[in-house]
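Q: Before we start, here is the structure in question, set down as structure tokens.
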Amino acid sequence: MSTNGTGILDRVGRRLRIAVALASFAVGLGAAPAAGQNPLARNGAQQIEGFAGTFAGDGVRLELEAAGAGGALRGWLTAGGERYPCEAEVRNARLDGQFRVGGATFGFTATLAGDRLTLVSDGVPRTLTRMPPDGVNGPGGDAAGGGVQPAGGLRPGTRITWQVGSATLAGVDRRLVQDERGRWVDARNGQAVPGADTGSSAGTGYLQATVLAADAAGLAADGRNFLLVDPAAGRVVSSVSLALVCDGRTAGDLWMRPAQLAAMQEVDENDHRVARLRVPFGGRERAAIVIETRGQQGYFRNTYDLATGLLLMGSSSTTAAATPGAGGQGGIATTITSSQLLDVRELALPWSATPGAADLRAGQQLRYRGTYTTRVPGVPDLPLDYTYGIDIRSAERGFLLCDTWTRLSSGYAPPQESRSQRALGSAQLPALLVPPDALRALRADQVLDDDPITHFRTVFAGIQDGRAIVVEQGPSEVTRYAYDLRTGLLVDIALQQHQGVGTLVVQVALQGGS
């Protein structure tokens, strides 16, 4: 549930917010064979499927995935510790391809017998064996260590954390770029810009994404923002949540399909650069690709991990007319943003990533109603009517794509409303649905998760009044979630969040659905 927003994370969220365009795909019915064709022969799609995957042996590793109709594949060929982009086509059960080394192109052929692939280049045959699909257990892996997978090895239950930040530099009308050391400098002379680290209006926090689906249709995750309110102590408060749903190839700035990154050509022009490099990350070097665009009033630079497709580092700089009051003055201002991948791990939840028993479907609506109160010592409580709505747009691939909204009513002023899109499933915390059998099997005081970045700890508190109680404890807040033991559906939410001298108290209960 989202109860409050912040300027810093709203600005960063606009840059990182995912284009919500869920890819649709259809399974075609096989047409009757044309005259003269053997109906029992392997068709083109079957041949592509046979060659798609990862093969290794004789000091060579070949990683291929389907790249469209007509028998085309693309991926990487690794030899001598170096990786080279390659593309190939299946012709009469044989693979004809080429790989690029610098500006030169070299050909190869390959034939397949079971799981054994014979690769020939420059007349030299090599025998490779199909490798099992590799998972990705965090940023410690390497692009050369796993196969080219549809979603880079990410899977439901993977939690990804980025640190995000923003600063507004009032009065700065110069185009800013980042140098190789990550410093913001003037694009004209390379001189560092005073105040660019903090700016006249700055903040930082975390964006956490929990993967709910990762397959050939793309990546779907639910994102949750945290505002760092005490950097010295590392204390955060939860903020807005949003759906992170990709179109099958990209998820905004946060993720790109590894095969798409692999197919990119290196470019070095005045306003655009694409380059492959190795960057230190997680205690070792990662194979990565940097994409940089420079304009008269804007600068964007993203560095992606070639193995997973995840954004390792991102930054932007835009110059525009300042909002009156920004930094204490109007005129021109430059806003800089940054993001850096901190952690990738698996949530070890004691239930599967499948939906719970409740019959939730597209078109269904859930309404949670209650009160919203800001408590200040010495001031009488003034509870406001509060509604949290969930409108389910689709229910497939193991998650729900929902339009969510809140309405705050005082009775003496127009209602305040906010809207966002969420991806909801059982492979996340907190969850909208939990399998009832899993709830009954939990032990009182069982720790479900203890996040090392945000220091949010989630514990099963036991069964109370026929409901399963899950408590999430953060540095400055506590949220109690109650689940119906018959359906596994979330039916009650109670939040207490400390905000300066006051405490935000939100209590809502499910009023039924349609």
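Residues in the structure tokens are numbered from 1 in each chain, the chains being A, B, ... in the order shown, and ligands are numbered from 1 in the order shown.
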Neighbours of Asp492 of chain A within 8 Å (only C-alpha atoms; same-chain residues fewer than 4 positions away dropped), as a short mmCIF file (atom, residue, chain, number, x, y, z; two decimals) with N, CA and C atoms, in the first residue's frame?

A:
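Final file, around.cif:
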```
data_model
loop_
_atom_site.label_atom_id
_atom_site.label_comp_id
_atom_site.auth_asym_id
_atom_site.auth_seq_id
_atom_site.Cartn_x
_atom_site.Cartn_y
_atom_site.Cartn_z
N TYR A 368 -10.43 -1.37 0.13
CA TYR A 368 -10.04 -1.35 1.54
C TYR A 368 -10.38 0.04 2.08
N ARG A 480 1.12 -4.05 9.92
CA ARG A 480 0.52 -5.34 10.26
C ARG A 480 -0.43 -5.74 9.14
N TYR A 481 -0.21 -6.93 8.57
CA TYR A 481 -1.04 -7.46 7.49
C TYR A 481 -1.80 -8.68 8.01
N ALA A 482 -3.11 -8.72 7.79
CA ALA A 482 -3.93 -9.85 8.22
C ALA A 482 -4.49 -10.56 6.98
N TYR A 483 -4.38 -11.92 6.96
CA TYR A 483 -4.81 -12.73 5.82
C TYR A 483 -5.93 -13.69 6.24
N GLN A 507 -5.33 2.69 9.01
CA GLN A 507 -5.99 1.41 9.29
C GLN A 507 -7.10 1.22 8.28
N VAL A 508 -7.02 0.14 7.49
CA VAL A 508 -8.04 -0.14 6.49
C VAL A 508 -8.38 -1.63 6.52
N ALA A 509 -9.61 -1.95 6.13
CA ALA A 509 -10.07 -3.34 6.08
C ALA A 509 -10.82 -3.56 4.78
N LEU A 510 -10.72 -4.79 4.24
CA LEU A 510 -11.41 -5.13 3.00
C LEU A 510 -12.92 -5.07 3.20
#
```

Q: Can you list, as a list in words, every protein, DNA or RNA residue that comes within 12 Å of Gly398 of chain A when you count only C-alpha atoms, leaving out same-chain residues fewer than 3 positions away?

A: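 Here the qualifying residues turn out to be Arg155, Pro156, Gly157, Val211, Leu212, Ala213, Ala214, Asp215, Leu219, Ala220, Ala221, Ser352, Ala353, Thr354, Pro355, Gly356, Leu360, Arg361, Ser394, Ala395, Leu401, Ala423, Leu424, Gly425, Ser426, Ala427, Gln428 and Leu433 of chain A.
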
Q: Output C-alpha atoms of each residue in that selection to a file, as a PDB file, in the first residue's frame.

A:
```pdb
ATOM      1  CA  ARG A 155      13.057 -15.503 -11.866  1.00  0.00           C
ATOM      2  CA  PRO A 156      10.021 -14.939  -9.617  1.00  0.00           C
ATOM      3  CA  GLY A 157      11.138 -14.023  -6.119  1.00  0.00           C
ATOM      4  CA  VAL A 211      10.368 -10.117  -9.933  1.00  0.00           C
ATOM      5  CA  LEU A 212       6.946 -11.749 -10.365  1.00  0.00           C
ATOM      6  CA  ALA A 213       7.357 -13.136 -13.899  1.00  0.00           C
ATOM      7  CA  ALA A 214      10.404 -13.695 -16.104  1.00  0.00           C
ATOM      8  CA  ASP A 215       9.814 -15.549 -19.346  1.00  0.00           C
ATOM      9  CA  LEU A 219       9.914  -9.223 -17.201  1.00  0.00           C
ATOM     10  CA  ALA A 220       7.295  -8.167 -14.652  1.00  0.00           C
ATOM     11  CA  ALA A 221       8.126  -6.842 -11.198  1.00  0.00           C
ATOM     12  CA  SER A 352       5.436 -21.010  -4.071  1.00  0.00           C
ATOM     13  CA  ALA A 353       5.213 -18.132  -6.519  1.00  0.00           C
ATOM     14  CA  THR A 354       1.762 -19.254  -7.706  1.00  0.00           C
ATOM     15  CA  PRO A 355      -1.413 -17.284  -6.904  1.00  0.00           C
ATOM     16  CA  GLY A 356      -3.353 -18.127  -3.755  1.00  0.00           C
ATOM     17  CA  LEU A 360      -9.085 -13.132  -8.382  1.00  0.00           C
ATOM     18  CA  ARG A 361      -9.625 -12.356 -12.030  1.00  0.00           C
ATOM     19  CA  SER A 394      -5.172  -8.839 -16.041  1.00  0.00           C
ATOM     20  CA  ALA A 395      -4.471 -12.075 -14.187  1.00  0.00           C
ATOM     21  CA  LEU A 401      -1.546  -6.258 -13.218  1.00  0.00           C
ATOM     22  CA  ALA A 423       2.087  -5.736 -10.274  1.00  0.00           C
ATOM     23  CA  LEU A 424       0.956  -8.020  -7.443  1.00  0.00           C
ATOM     24  CA  GLY A 425       1.626 -11.691  -6.735  1.00  0.00           C
ATOM     25  CA  SER A 426       2.597 -14.239  -4.120  1.00  0.00           C
ATOM     26  CA  ALA A 427       6.338 -14.064  -4.854  1.00  0.00           C
ATOM     27  CA  GLN A 428       6.688 -10.733  -3.043  1.00  0.00           C
ATOM     28  CA  LEU A 433      -2.320 -13.386  -1.856  1.00  0.00           C
TER      29      LEU A 433
END
```

Q: Just want the 9 Å neighbourhood of Glu417 of chain A, counted on only C-alpha atoms, with same-chain residues fewer than 4 positions away dropped. Output as a ChimeraX atom specification.

A: /A:405-409

Q: If we count only C-alpha atoms and set the cut-off at 10 Å, which residues sit around Gln178 of chain A, ignoring sequence neighbours fewer than 2 positions away in its own chain? Please answer as a PDB file with N, CA and C atoms, in the first residue's frame.

A:
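Result file is result-v1.pdb:
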```pdb
ATOM      1  N   LEU A 176      25.963  19.245 -18.072  1.00  0.00           N
ATOM      2  CA  LEU A 176      26.826  18.462 -17.198  1.00  0.00           C
ATOM      3  C   LEU A 176      26.892  17.019 -17.679  1.00  0.00           C
ATOM      4  N   GLU A 180      35.011   9.643 -16.150  1.00  0.00           N
ATOM      5  CA  GLU A 180      35.237   8.225 -15.898  1.00  0.00           C
ATOM      6  C   GLU A 180      35.274   7.900 -14.417  1.00  0.00           C
ATOM      7  N   ARG A 181      35.470   8.897 -13.556  1.00  0.00           N
ATOM      8  CA  ARG A 181      35.479   8.673 -12.106  1.00  0.00           C
ATOM      9  C   ARG A 181      34.117   8.901 -11.477  1.00  0.00           C
ATOM     10  N   GLY A 182      33.109   9.209 -12.327  1.00  0.00           N
ATOM     11  CA  GLY A 182      31.766   9.398 -11.818  1.00  0.00           C
ATOM     12  C   GLY A 182      31.481  10.807 -11.334  1.00  0.00           C
ATOM     13  N   ARG A 183      32.410  11.755 -11.522  1.00  0.00           N
ATOM     14  CA  ARG A 183      32.195  13.142 -11.089  1.00  0.00           C
ATOM     15  C   ARG A 183      31.390  13.888 -12.149  1.00  0.00           C
ATOM     16  N   TRP A 184      30.515  14.795 -11.690  1.00  0.00           N
ATOM     17  CA  TRP A 184      29.791  15.645 -12.619  1.00  0.00           C
ATOM     18  C   TRP A 184      30.682  16.825 -13.006  1.00  0.00           C
ATOM     19  N   VAL A 185      30.897  16.986 -14.325  1.00  0.00           N
ATOM     20  CA  VAL A 185      31.792  18.037 -14.818  1.00  0.00           C
ATOM     21  C   VAL A 185      31.101  18.815 -15.932  1.00  0.00           C
ATOM     22  N   ASP A 186      31.621  19.997 -16.198  1.00  0.00           N
ATOM     23  CA  ASP A 186      31.154  20.833 -17.293  1.00  0.00           C
ATOM     24  C   ASP A 186      31.589  20.180 -18.609  1.00  0.00           C
ATOM     25  N   ALA A 187      30.630  19.936 -19.513  1.00  0.00           N
ATOM     26  CA  ALA A 187      30.929  19.261 -20.772  1.00  0.00           C
ATOM     27  C   ALA A 187      31.893  20.056 -21.633  1.00  0.00           C
ATOM     28  N   GLY A 190      35.499  20.098 -18.867  1.00  0.00           N
ATOM     29  CA  GLY A 190      35.851  19.001 -17.981  1.00  0.00           C
ATOM     30  C   GLY A 190      36.064  19.397 -16.534  1.00  0.00           C
ATOM     31  N   ALA A 192      35.115  20.197 -12.686  1.00  0.00           N
ATOM     32  CA  ALA A 192      34.102  19.751 -11.743  1.00  0.00           C
ATOM     33  C   ALA A 192      33.170  20.900 -11.382  1.00  0.00           C
ATOM     34  N   TYR A 299      21.640  14.924 -20.916  1.00  0.00           N
ATOM     35  CA  TYR A 299      22.697  13.922 -20.953  1.00  0.00           C
ATOM     36  C   TYR A 299      22.162  12.679 -20.252  1.00  0.00           C
ATOM     37  N   PHE A 300      22.313  11.510 -20.883  1.00  0.00           N
ATOM     38  CA  PHE A 300      21.841  10.257 -20.314  1.00  0.00           C
ATOM     39  C   PHE A 300      22.915   9.190 -20.522  1.00  0.00           C
ATOM     40  N   ARG A 301      23.199   8.457 -19.450  1.00  0.00           N
ATOM     41  CA  ARG A 301      24.216   7.403 -19.541  1.00  0.00           C
ATOM     42  C   ARG A 301      23.783   6.220 -18.682  1.00  0.00           C
ATOM     43  N   SER A 315      22.733   7.551 -15.024  1.00  0.00           N
ATOM     44  CA  SER A 315      22.786   8.963 -14.639  1.00  0.00           C
ATOM     45  C   SER A 315      22.157   9.799 -15.743  1.00  0.00           C
ATOM     46  N   SER A 316      21.656  10.967 -15.350  1.00  0.00           N
ATOM     47  CA  SER A 316      21.090  11.892 -16.326  1.00  0.00           C
ATOM     48  C   SER A 316      21.285  13.309 -15.825  1.00  0.00           C
ATOM     49  N   SER A 317      21.271  14.246 -16.771  1.00  0.00           N
ATOM     50  CA  SER A 317      21.387  15.660 -16.465  1.00  0.00           C
ATOM     51  C   SER A 317      20.516  16.416 -17.460  1.00  0.00           C
TER      52      SER A 317
END
```

Q: Output as a PyMOL selection string all residues of segment 355-513 of chain A that backbone DSSP marks as helix (DSSP H, G or I).

A: chain A and resi 436-441

Q: Would you please work out which residue, of A:Gln464, A:Gln497, A:Ser166, A:Thr158, is nearest to Val237 of chain A when using only C-alpha atoms?

A: A:Gln497

Q: For the atom pair atom CA of Leu117 of chain A and atom CA of Val90 of chain A, what is the interatomic distance in Å to one decimal place?

A: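 If I compute the distance from atom CA of Leu117 of chain A to atom CA of Val90 of chain A, I get 13.4 Å.
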
Q: Rank nothing, just name the residue among A:Leu384, A:Ala110, A:Val459, A:Val505 nearest to Ala93 of chain A, using only C-alpha atoms.

A: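 Going through A:Leu384, A:Ala110, A:Val459, A:Val505 one by one, the smallest distance to Ala93 of chain A is for A:Ala110.
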
Q: Output as a PyMOL selection string all residues of segment 238-485 of chain A that backbone DSSP marks as strand (DSSP E or B).

A: chain A and resi 238-245+250-251+255-256+267-268+272-281+284-294+298-305+310-321+332-346+365-375+384-396+399-409+416-424+433+446-450+457-464+467-473+477-484

Q: Can you write just those residues out, C-alpha atoms, as a short mmCIF file (atom, residue, chain, number, x, y, z; two decimals), in the first residue's frame?

A:
```
data_model
loop_
_atom_site.label_atom_id
_atom_site.label_comp_id
_atom_site.auth_asym_id
_atom_site.auth_seq_id
_atom_site.Cartn_x
_atom_site.Cartn_y
_atom_site.Cartn_z
CA SER A 238 8.80 3.36 2.69
CA SER A 239 7.26 5.52 -0.02
CA VAL A 240 5.44 5.03 -3.32
CA SER A 241 5.12 1.69 -5.11
CA LEU A 242 4.76 1.12 -8.86
CA ALA A 243 4.53 -1.64 -11.44
CA LEU A 244 7.66 -2.45 -13.43
CA VAL A 245 6.37 -4.30 -16.48
CA THR A 250 13.17 -3.57 -22.11
CA ALA A 251 11.90 -2.42 -18.73
CA TRP A 255 16.51 -3.77 -17.55
CA MET A 256 17.13 -4.76 -21.15
CA VAL A 267 29.20 3.43 -31.79
CA ASP A 268 31.25 6.53 -30.97
CA HIS A 272 25.83 8.98 -29.04
CA ARG A 273 28.15 6.27 -27.75
CA VAL A 274 27.78 2.52 -27.26
CA ALA A 275 30.80 0.69 -25.87
CA ARG A 276 31.57 -2.65 -24.26
CA LEU A 277 33.75 -2.65 -21.19
CA ARG A 278 34.43 -4.43 -17.93
CA VAL A 279 33.43 -2.66 -14.73
CA PRO A 280 34.22 -3.52 -11.10
CA PHE A 281 31.11 -4.65 -9.28
CA ARG A 284 34.84 -8.66 -9.29
CA GLU A 285 34.73 -7.36 -12.84
CA ARG A 286 31.53 -7.55 -14.86
CA ALA A 287 31.16 -7.64 -18.64
CA ALA A 288 29.00 -4.60 -19.38
CA ILE A 289 27.83 -2.22 -22.07
CA VAL A 290 27.45 1.56 -21.71
CA ILE A 291 24.88 3.57 -23.70
CA GLU A 292 25.40 7.32 -23.63
CA THR A 293 23.43 10.13 -25.30
CA ARG A 294 24.37 13.82 -25.20
CA GLY A 298 20.28 16.73 -21.70
CA TYR A 299 22.70 13.92 -20.95
CA PHE A 300 21.84 10.26 -20.31
CA ARG A 301 24.22 7.40 -19.54
CA ASN A 302 23.27 3.83 -18.60
CA THR A 303 25.59 0.89 -17.99
CA TYR A 304 24.06 -2.59 -18.21
CA ASP A 305 25.27 -6.00 -17.08
CA LEU A 310 20.17 -5.25 -15.24
CA LEU A 311 21.12 -1.59 -14.98
CA LEU A 312 24.42 -1.38 -13.10
CA MET A 313 24.74 2.41 -13.11
CA GLY A 314 22.64 5.19 -14.59
CA SER A 315 22.79 8.96 -14.64
CA SER A 316 21.09 11.89 -16.33
CA SER A 317 21.39 15.66 -16.47
CA THR A 318 18.71 18.00 -17.80
CA THR A 319 18.62 21.81 -17.91
CA ALA A 320 15.37 23.77 -17.94
CA ALA A 321 13.58 26.73 -16.42
CA ILE A 332 17.57 28.23 -14.98
CA ALA A 333 18.31 25.02 -13.06
CA THR A 334 19.98 21.73 -13.87
CA THR A 335 18.65 18.50 -12.40
CA ILE A 336 20.94 15.48 -12.10
CA THR A 337 19.87 11.94 -11.23
CA SER A 338 21.85 8.80 -10.50
CA SER A 339 21.16 5.13 -9.84
CA GLN A 340 23.42 2.24 -8.90
CA LEU A 341 22.69 -1.45 -8.48
CA LEU A 342 23.42 -2.53 -4.90
CA ASP A 343 22.04 -6.02 -4.40
CA VAL A 344 20.40 -8.96 -6.15
CA ARG A 345 19.09 -11.84 -4.06
CA GLU A 346 16.34 -14.45 -3.84
CA GLN A 365 -12.24 -4.75 -7.79
CA LEU A 366 -11.09 -4.73 -4.16
CA ARG A 367 -11.84 -1.88 -1.76
CA TYR A 368 -10.04 -1.35 1.54
CA ARG A 369 -11.63 1.37 3.68
CA GLY A 370 -10.72 2.92 6.99
CA THR A 371 -9.01 5.98 8.48
CA TYR A 372 -5.88 8.06 7.93
CA THR A 373 -4.62 9.98 10.96
CA THR A 374 -1.55 12.12 11.65
CA ARG A 375 -0.92 12.04 15.39
CA LEU A 384 -9.82 11.24 7.78
CA ASP A 385 -11.76 8.76 5.64
CA TYR A 386 -9.32 6.72 3.58
CA THR A 387 -9.93 4.27 0.71
CA TYR A 388 -7.39 2.08 -1.05
CA GLY A 389 -8.69 0.57 -4.30
CA ILE A 390 -7.32 -2.26 -6.46
CA ASP A 391 -8.77 -2.73 -9.96
CA ILE A 392 -7.41 -5.89 -11.62
CA ARG A 393 -6.61 -5.39 -15.30
CA SER A 394 -5.17 -8.84 -16.04
CA ALA A 395 -4.47 -12.07 -14.19
CA GLU A 396 -1.93 -14.22 -16.03
CA PHE A 399 0.78 -12.15 -11.26
CA LEU A 400 -1.95 -9.51 -11.29
CA LEU A 401 -1.55 -6.26 -13.22
CA CYS A 402 -3.64 -3.71 -11.32
CA ASP A 403 -4.66 -0.07 -11.33
CA THR A 404 -4.45 1.10 -7.71
CA TRP A 405 -5.70 4.34 -6.20
CA THR A 406 -6.16 6.09 -2.88
CA ARG A 407 -8.77 8.63 -1.83
CA LEU A 408 -8.46 10.82 1.25
CA SER A 409 -11.66 12.62 2.33
CA GLN A 416 -7.37 14.03 -2.52
CA GLU A 417 -6.69 11.17 -4.95
CA SER A 418 -3.58 9.48 -6.29
CA ARG A 419 -3.28 6.69 -8.83
CA SER A 420 -0.57 4.23 -9.86
CA GLN A 421 -0.18 0.83 -11.46
CA ARG A 422 0.98 -2.20 -9.48
CA ALA A 423 2.09 -5.74 -10.27
CA LEU A 424 0.96 -8.02 -7.44
CA LEU A 433 -2.32 -13.39 -1.86
CA GLN A 446 9.06 -17.23 12.02
CA VAL A 447 11.24 -14.73 10.11
CA LEU A 448 10.12 -14.50 6.48
CA ASP A 449 12.72 -11.96 5.35
CA ASP A 450 15.36 -9.60 6.76
CA ARG A 457 12.25 -7.35 8.83
CA THR A 458 9.13 -9.41 8.08
CA VAL A 459 7.87 -11.91 10.67
CA PHE A 460 4.88 -14.23 10.95
CA ALA A 461 3.23 -13.20 14.23
CA GLY A 462 0.80 -16.14 14.48
CA ILE A 463 -2.93 -16.76 14.15
CA GLN A 464 -5.25 -14.19 15.75
CA ARG A 467 -6.48 -14.63 10.64
CA ALA A 468 -2.81 -15.09 9.82
CA ILE A 469 -0.82 -12.04 10.93
CA VAL A 470 2.36 -10.90 9.14
CA VAL A 471 4.28 -7.94 10.63
CA GLU A 472 6.80 -5.81 8.72
CA GLN A 473 9.11 -3.80 10.98
CA GLU A 477 7.50 2.15 10.83
CA VAL A 478 5.51 -0.98 11.56
CA THR A 479 2.86 -2.51 9.29
CA ARG A 480 0.52 -5.34 10.26
CA TYR A 481 -1.04 -7.46 7.49
CA ALA A 482 -3.93 -9.85 8.22
CA TYR A 483 -4.81 -12.73 5.82
CA ASP A 484 -7.98 -14.78 5.55
#
```
